[in-house]
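> Below are the structure tokens for one structure; questions will follow.
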Amino acid sequence: MESDGKPSPSSQKRVGRFLLKFFGCAFLLAFSYRRLLFSGATGFFVFSSSPASEIQAAKGGNLRRDYPSMEKTDAPYTRLAEMVLHGRKGDSLKEQCDLFSGEWIPNSSGPPYTNSSCSVIYSAQDCLTNGRPDTGYLYWKWKPYGCDLSPFDAEKFLKIMRNKSWAFIGDSIFRNQVDSLLCLLSQVEEAVMIYHDETFESMTWYFSSHNLTLAFIWAPFLLNAEIKDLGHSQYDIQLHIDALDNTWTSQYNKYDYIVMSGGQWFLKTAIFWENSTIIGCHYCPGKNLRELGMDYAYQKALELAFRFTTTSDHKPLVVFRTWTPDHFEYGEWYNGGICNRTEPYKEGEFRGNPVDQVMRGLEIAEFEKAAAIGLEDGTRLKLLDIYHLSLLRPDGHPGPYGKFHPDISKRPQNDCLHWCLPGPIDTWDDILMEIVLREGDQRSST
């Protein structure tokens, strides 16, 4: 299993710089925004002694080891983000439901598809076929506080999406979500793959009965990046922080719906370029380059991507999906980390790691900037905030069952980042459908 972005260890000194920036960002966010709304938390930081996995900080050291009491709550989003999420200006927030604030409750009916009924499940996420012995993780559903989230209705979705086209732009977590969506839709119609690149990284499927096209576009940084695979999950990455990846921007005008996100690739070692000149890097010891950090590159990527969407003459519905957490415990992907829990966390039991929180905080800040512009220029921008609900599901990952019937006694490598299918990631598509339906209702009412 490839990490999809987890870094190797670095020095204690770098931890100090990271924490200084981390707390600085928190202070600036709190100072800048007049009104902050919290998701299941009473403050921006929570200091807790609850058990958590060993998290390797991307900027150096081990934050859980060196600062064991430091665990942070979900980053807040402001009233503007709520307006964009739940309705345009003038809509009553009280009449809307926050789909992202809730809890996981037992669901005896289980998932709408199985590993037997869906033929497109990628083998590394086909946990049941690979021999995962427990099935309890399949029998939970997300219950927003104060309302219900309808299960995905494949027939209704296909009917609404007749003659439409979708593109999911990002990394392998998006491929995971696309496979979930294909499985959900296969209850009514199975898609046919009509395109793939040489490496099967970018793919397109077609639902002929509904003239619906669904594409996954591989763009792990959103930015222009030269990625050379060195083997053993190591890469030479040259990242151009002033240019977007033409792989997706050149196709943007083709689609009616765009779902996009950054992700764990920003945690990898990378050299940063601007104006055809190397300006620094993220974690490049021995290269005598300025350490700019993963957050620097991610902020640039988000800023450019949102600017592209708001300035484009083409106005699809753009949905931004937030950062997805991992659940490695007792190590990381490269040093024996595991994820063997069999049920969800309870609220407050696990708060996530600071690196994830910083990255998600950047997403919310840049989303709000773009949303403010979008409300004026007609850009339809929505937030798919899956972070908190995913944070509570350590039981939903393949763990060692990313391979067929692994020998557990040999301590195989675990995948605690991607998600089993079926599994909790199906809820992301439940919410995505609700967002699309709400947008349709708003457009009809206006």
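Letters A, B, ... go to the chains of the structure tokens in the order shown; residues in each chain start at 1; ligands are counted from 1 in the same order.
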Where in stretch 230-292 of chain A does DSSP assign strand (DSSP E or B), given as number ranges by chain?

A: 230-231, 234-244, 257-260, 270-274, 277-282, 291

> Residues of the last selection are to be written out with C-alpha atoms, as a tab-separated table (two decimals), in the first residue's frame.


chain	number	residue	atom	x	y	z
A	230	LEU	CA	11.86	6.23	-7.60
A	231	GLY	CA	10.44	2.99	-6.25
A	234	GLN	CA	9.65	7.35	-2.96
A	235	TYR	CA	9.24	10.15	-5.50
A	236	ASP	CA	11.16	12.99	-7.07
A	237	ILE	CA	8.57	15.78	-7.15
A	238	GLN	CA	9.11	19.12	-8.87
A	239	LEU	CA	6.10	21.26	-8.00
A	240	HIS	CA	5.29	24.46	-9.91
A	241	ILE	CA	3.32	26.47	-7.39
A	242	ASP	CA	2.41	29.20	-9.89
A	243	ALA	CA	0.75	26.96	-12.50
A	244	LEU	CA	-2.23	24.63	-12.42
A	257	TYR	CA	-20.34	19.19	-12.32
A	258	ILE	CA	-16.83	19.43	-10.89
A	259	VAL	CA	-15.75	17.81	-7.62
A	260	MET	CA	-12.21	18.67	-6.58
A	270	ALA	CA	8.91	18.22	-3.00
A	271	ILE	CA	10.96	20.96	-4.65
A	272	PHE	CA	9.00	24.17	-5.28
A	273	TRP	CA	9.32	26.22	-8.47
A	274	GLU	CA	8.00	29.69	-9.27
A	277	THR	CA	13.10	29.16	-10.59
A	278	ILE	CA	13.53	26.94	-7.54
A	279	ILE	CA	12.37	28.91	-4.51
A	280	GLY	CA	12.38	26.28	-1.77
A	281	CYS	CA	10.98	22.93	-0.79
A	282	HIS	CA	9.10	20.82	1.66
A	291	GLU	CA	12.03	25.10	3.88

> Within 7 Å of A:Pro394, counting only C-alpha atoms, which residues qualify if same-chain residues fewer than 2 places away don't, as a list in words?

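Those residues are His327, Cys339, Arg341, Pro344, Leu392, Gly396 and His397 of chain A.
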
> As number ranges by chain, please: all residues of stretch 138-317 of chain A that backbone DSSP puts in alpha helix (DSSP H).

A: 154-160, 172-185, 246-249, 294-311

> What are the closest atom pairs, with distances in Å to one decimal, for all residues of stretch 152-218 of chain A lying within 8 Å of stretch 103-126 of chain A? Consider only C-alpha atoms, order rows by chain and residue number, and present the result as a tab-separated table.


residue	atom	partner	partner_atom	distance
A:Asn176	CA	A:Gln125	CA	7.9
A:Asp179	CA	A:Ile121	CA	6.1
A:Ser180	CA	A:Ile121	CA	7.7
A:Leu182	CA	A:Val120	CA	7.3
A:Cys183	CA	A:Cys118	CA	5.4
A:Leu184	CA	A:Tyr113	CA	6.8
A:Ser186	CA	A:Cys118	CA	6.8
A:Gln187	CA	A:Tyr113	CA	7.4

> Quick one: write out the picked residues with C-alpha atoms as a PDB file, in the first residue's frame?


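See result_23.pdb below for the written result:
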ATOM      1  CA  ASN A 176     -11.959   5.548  -4.024  1.00  0.00           C
ATOM      2  CA  ASP A 179     -15.726   3.660  -7.245  1.00  0.00           C
ATOM      3  CA  SER A 180     -18.224   4.117  -4.416  1.00  0.00           C
ATOM      4  CA  LEU A 182     -20.208   3.684  -9.494  1.00  0.00           C
ATOM      5  CA  CYS A 183     -21.221   0.930  -7.092  1.00  0.00           C
ATOM      6  CA  LEU A 184     -24.196   2.916  -5.816  1.00  0.00           C
ATOM      7  CA  SER A 186     -24.843   0.041 -10.479  1.00  0.00           C
ATOM      8  CA  GLN A 187     -28.057  -0.792  -8.642  1.00  0.00           C
TER       9      GLN A 187
END

> Record the distance separating atom CA of A:Leu158 and atom CA of A:Val318, expressed in Å with one decimal.

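Separating atom CA of A:Leu158 from atom CA of A:Val318 is a distance of 18.7 Å.
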
> Give the answer as one residue: which of A:Tyr139, A:Tyr387, A:Trp218, A:Trp205 has the shortest atom-to-atom distance to A:Glu363, using only C-alpha atoms?

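Of A:Tyr139, A:Tyr387, A:Trp218, A:Trp205, the one nearest A:Glu363 is A:Tyr387, counting only C-alpha atoms.
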
> Skipping near chain neighbours, those fewer than 3 positions away, what residues fall within 9 Å of stretch 261-265 of chain A using only C-alpha atoms, listed as a ChimeraX atom specification?

/A:3-6,168-171,173-174,219-222,268-269,298,301-302,319-324,359,363

> Might you pull out every residue within 7 Å of A:Tyr345, with only C-alpha atoms counted and same-chain residues fewer than 3 positions away left off, and present them as a tab-separated table (two decimals) with C-alpha atoms, in the first residue's frame?


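Written output follows (part.tsv):
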chain	number	residue	atom	x	y	z
A	349	GLU	CA	-12.86	10.31	21.76
A	350	PHE	CA	-10.43	11.23	18.98
A	392	LEU	CA	-14.98	9.20	13.61
A	393	ARG	CA	-14.58	6.06	11.46

> Can you work out the spacing between atom CA of A:Lys315 and atom CA of A:Leu223 in Å, to one decimal?

20.6 Å

> Tell me which protein, DNA and RNA residues are within 9 Å of A:Thr427, counting only C-alpha atoms, leaving out same-chain ones fewer than 2 positions away, and put them as a PyMOL selection string.

chain A and resi 141-142+151-152+386+423-425+429-432

> Report, in Å with one decimal, the straight-line distance from atom CA of A:Ala297 to atom CA of A:Ala371.

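Computing it gives 20.8 Å between the two atoms.
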
> Near A:Asp326, within 9 Å and counting only C-alpha atoms, which residues show up once chain neighbours fewer than 6 positions away are dropped, as number ranges by chain?

A: 352, 356, 390-391, 394, 397, 415-418

> How would the residues just picked look written out with all heavy atoms as a PDB file, in the first residue's frame?


ATOM      1  N   GLY A 352      -8.204  13.964  16.045  1.00  0.00           N
ATOM      2  CA  GLY A 352      -7.413  14.116  14.840  1.00  0.00           C
ATOM      3  C   GLY A 352      -6.033  14.657  15.134  1.00  0.00           C
ATOM      4  O   GLY A 352      -5.682  14.954  16.276  1.00  0.00           O
ATOM      5  N   ASP A 356      -3.304  17.476   9.867  1.00  0.00           N
ATOM      6  CA  ASP A 356      -4.564  17.441   9.127  1.00  0.00           C
ATOM      7  C   ASP A 356      -5.378  18.703   9.397  1.00  0.00           C
ATOM      8  O   ASP A 356      -6.015  19.262   8.488  1.00  0.00           O
ATOM      9  CB  ASP A 356      -5.389  16.213   9.522  1.00  0.00           C
ATOM     10  CG  ASP A 356      -4.799  14.918   9.009  1.00  0.00           C
ATOM     11  OD1 ASP A 356      -3.893  14.969   8.159  1.00  0.00           O
ATOM     12  OD2 ASP A 356      -5.242  13.841   9.459  1.00  0.00           O
ATOM     13  N   SER A 390     -15.681  11.527   8.799  1.00  0.00           N
ATOM     14  CA  SER A 390     -14.683  10.505   8.472  1.00  0.00           C
ATOM     15  C   SER A 390     -13.718  10.279   9.632  1.00  0.00           C
ATOM     16  O   SER A 390     -13.243   9.159   9.854  1.00  0.00           O
ATOM     17  CB  SER A 390     -13.892  10.920   7.227  1.00  0.00           C
ATOM     18  OG  SER A 390     -14.748  11.130   6.126  1.00  0.00           O
ATOM     19  N   LEU A 391     -13.433  11.346  10.374  1.00  0.00           N
ATOM     20  CA  LEU A 391     -12.544  11.248  11.527  1.00  0.00           C
ATOM     21  C   LEU A 391     -13.054  10.227  12.532  1.00  0.00           C
ATOM     22  O   LEU A 391     -12.269   9.535  13.201  1.00  0.00           O
ATOM     23  CB  LEU A 391     -12.428  12.621  12.192  1.00  0.00           C
ATOM     24  CG  LEU A 391     -11.436  12.772  13.340  1.00  0.00           C
ATOM     25  CD1 LEU A 391     -10.006  12.702  12.828  1.00  0.00           C
ATOM     26  CD2 LEU A 391     -11.673  14.078  14.086  1.00  0.00           C
ATOM     27  N   PRO A 394     -12.513   5.078  12.338  1.00  0.00           N
ATOM     28  CA  PRO A 394     -11.243   4.352  12.204  1.00  0.00           C
ATOM     29  C   PRO A 394     -11.427   2.910  11.754  1.00  0.00           C
ATOM     30  O   PRO A 394     -10.476   2.258  11.333  1.00  0.00           O
ATOM     31  CB  PRO A 394     -10.679   4.410  13.634  1.00  0.00           C
ATOM     32  CG  PRO A 394     -11.897   4.430  14.509  1.00  0.00           C
ATOM     33  CD  PRO A 394     -12.875   5.306  13.758  1.00  0.00           C
ATOM     34  N   HIS A 397     -11.263   1.425   7.243  1.00  0.00           N
ATOM     35  CA  HIS A 397     -10.130   1.283   6.326  1.00  0.00           C
ATOM     36  C   HIS A 397      -9.794  -0.187   6.053  1.00  0.00           C
ATOM     37  O   HIS A 397     -10.109  -1.068   6.865  1.00  0.00           O
ATOM     38  CB  HIS A 397      -8.902   1.973   6.907  1.00  0.00           C
ATOM     39  CG  HIS A 397      -9.107   3.423   7.205  1.00  0.00           C
ATOM     40  ND1 HIS A 397      -9.185   4.378   6.223  1.00  0.00           N
ATOM     41  CD2 HIS A 397      -9.263   4.090   8.387  1.00  0.00           C
ATOM     42  CE1 HIS A 397      -9.365   5.568   6.778  1.00  0.00           C
ATOM     43  NE2 HIS A 397      -9.423   5.416   8.089  1.00  0.00           N
ATOM     44  N   ASP A 415      -3.232  -0.257   5.236  1.00  0.00           N
ATOM     45  CA  ASP A 415      -3.753   0.936   4.568  1.00  0.00           C
ATOM     46  C   ASP A 415      -4.808   1.539   5.484  1.00  0.00           C
ATOM     47  O   ASP A 415      -5.921   1.015   5.594  1.00  0.00           O
ATOM     48  CB  ASP A 415      -4.359   0.569   3.210  1.00  0.00           C
ATOM     49  CG  ASP A 415      -4.906   1.785   2.456  1.00  0.00           C
ATOM     50  OD1 ASP A 415      -4.919   2.889   3.040  1.00  0.00           O
ATOM     51  OD2 ASP A 415      -5.315   1.625   1.294  1.00  0.00           O
ATOM     52  N   CYS A 416      -4.472   2.621   6.141  1.00  0.00           N
ATOM     53  CA  CYS A 416      -5.374   3.297   7.065  1.00  0.00           C
ATOM     54  C   CYS A 416      -5.771   4.676   6.542  1.00  0.00           C
ATOM     55  O   CYS A 416      -6.140   5.565   7.314  1.00  0.00           O
ATOM     56  CB  CYS A 416      -4.725   3.423   8.443  1.00  0.00           C
ATOM     57  SG  CYS A 416      -4.133   1.854   9.116  1.00  0.00           S
ATOM     58  N   LEU A 417      -5.687   4.834   5.237  1.00  0.00           N
ATOM     59  CA  LEU A 417      -6.027   6.100   4.584  1.00  0.00           C
ATOM     60  C   LEU A 417      -7.206   5.932   3.634  1.00  0.00           C
ATOM     61  O   LEU A 417      -8.163   6.706   3.680  1.00  0.00           O
ATOM     62  CB  LEU A 417      -4.818   6.641   3.822  1.00  0.00           C
ATOM     63  CG  LEU A 417      -5.029   7.907   2.999  1.00  0.00           C
ATOM     64  CD1 LEU A 417      -5.415   9.075   3.899  1.00  0.00           C
ATOM     65  CD2 LEU A 417      -3.773   8.249   2.199  1.00  0.00           C
ATOM     66  N   HIS A 418      -7.140   4.951   2.750  1.00  0.00           N
ATOM     67  CA  HIS A 418      -8.257   4.679   1.840  1.00  0.00           C
ATOM     68  C   HIS A 418      -9.362   3.951   2.601  1.00  0.00           C
ATOM     69  O   HIS A 418      -9.208   3.623   3.777  1.00  0.00           O
ATOM     70  CB  HIS A 418      -7.770   3.848   0.645  1.00  0.00           C
ATOM     71  CG  HIS A 418      -6.723   4.553  -0.157  1.00  0.00           C
ATOM     72  ND1 HIS A 418      -5.369   4.430   0.113  1.00  0.00           N
ATOM     73  CD2 HIS A 418      -6.819   5.389  -1.219  1.00  0.00           C
ATOM     74  CE1 HIS A 418      -4.673   5.160  -0.749  1.00  0.00           C
ATOM     75  NE2 HIS A 418      -5.528   5.767  -1.565  1.00  0.00           N
TER      76      HIS A 418
END

> Please determine, counting only C-alpha atoms, which residue among A:Lys369, A:Lys403, A:His210, A:Lys300 has the shortest atom-to-atom distance to A:Glu190.

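Nearest to A:Glu190: A:His210.
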
> When distances are computed from only C-alpha atoms, which of A:Ser233, A:Ser172, A:Asn163, A:Asn130 shows the smallest separation from A:Ile217?

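Nearest to A:Ile217: A:Ser172.
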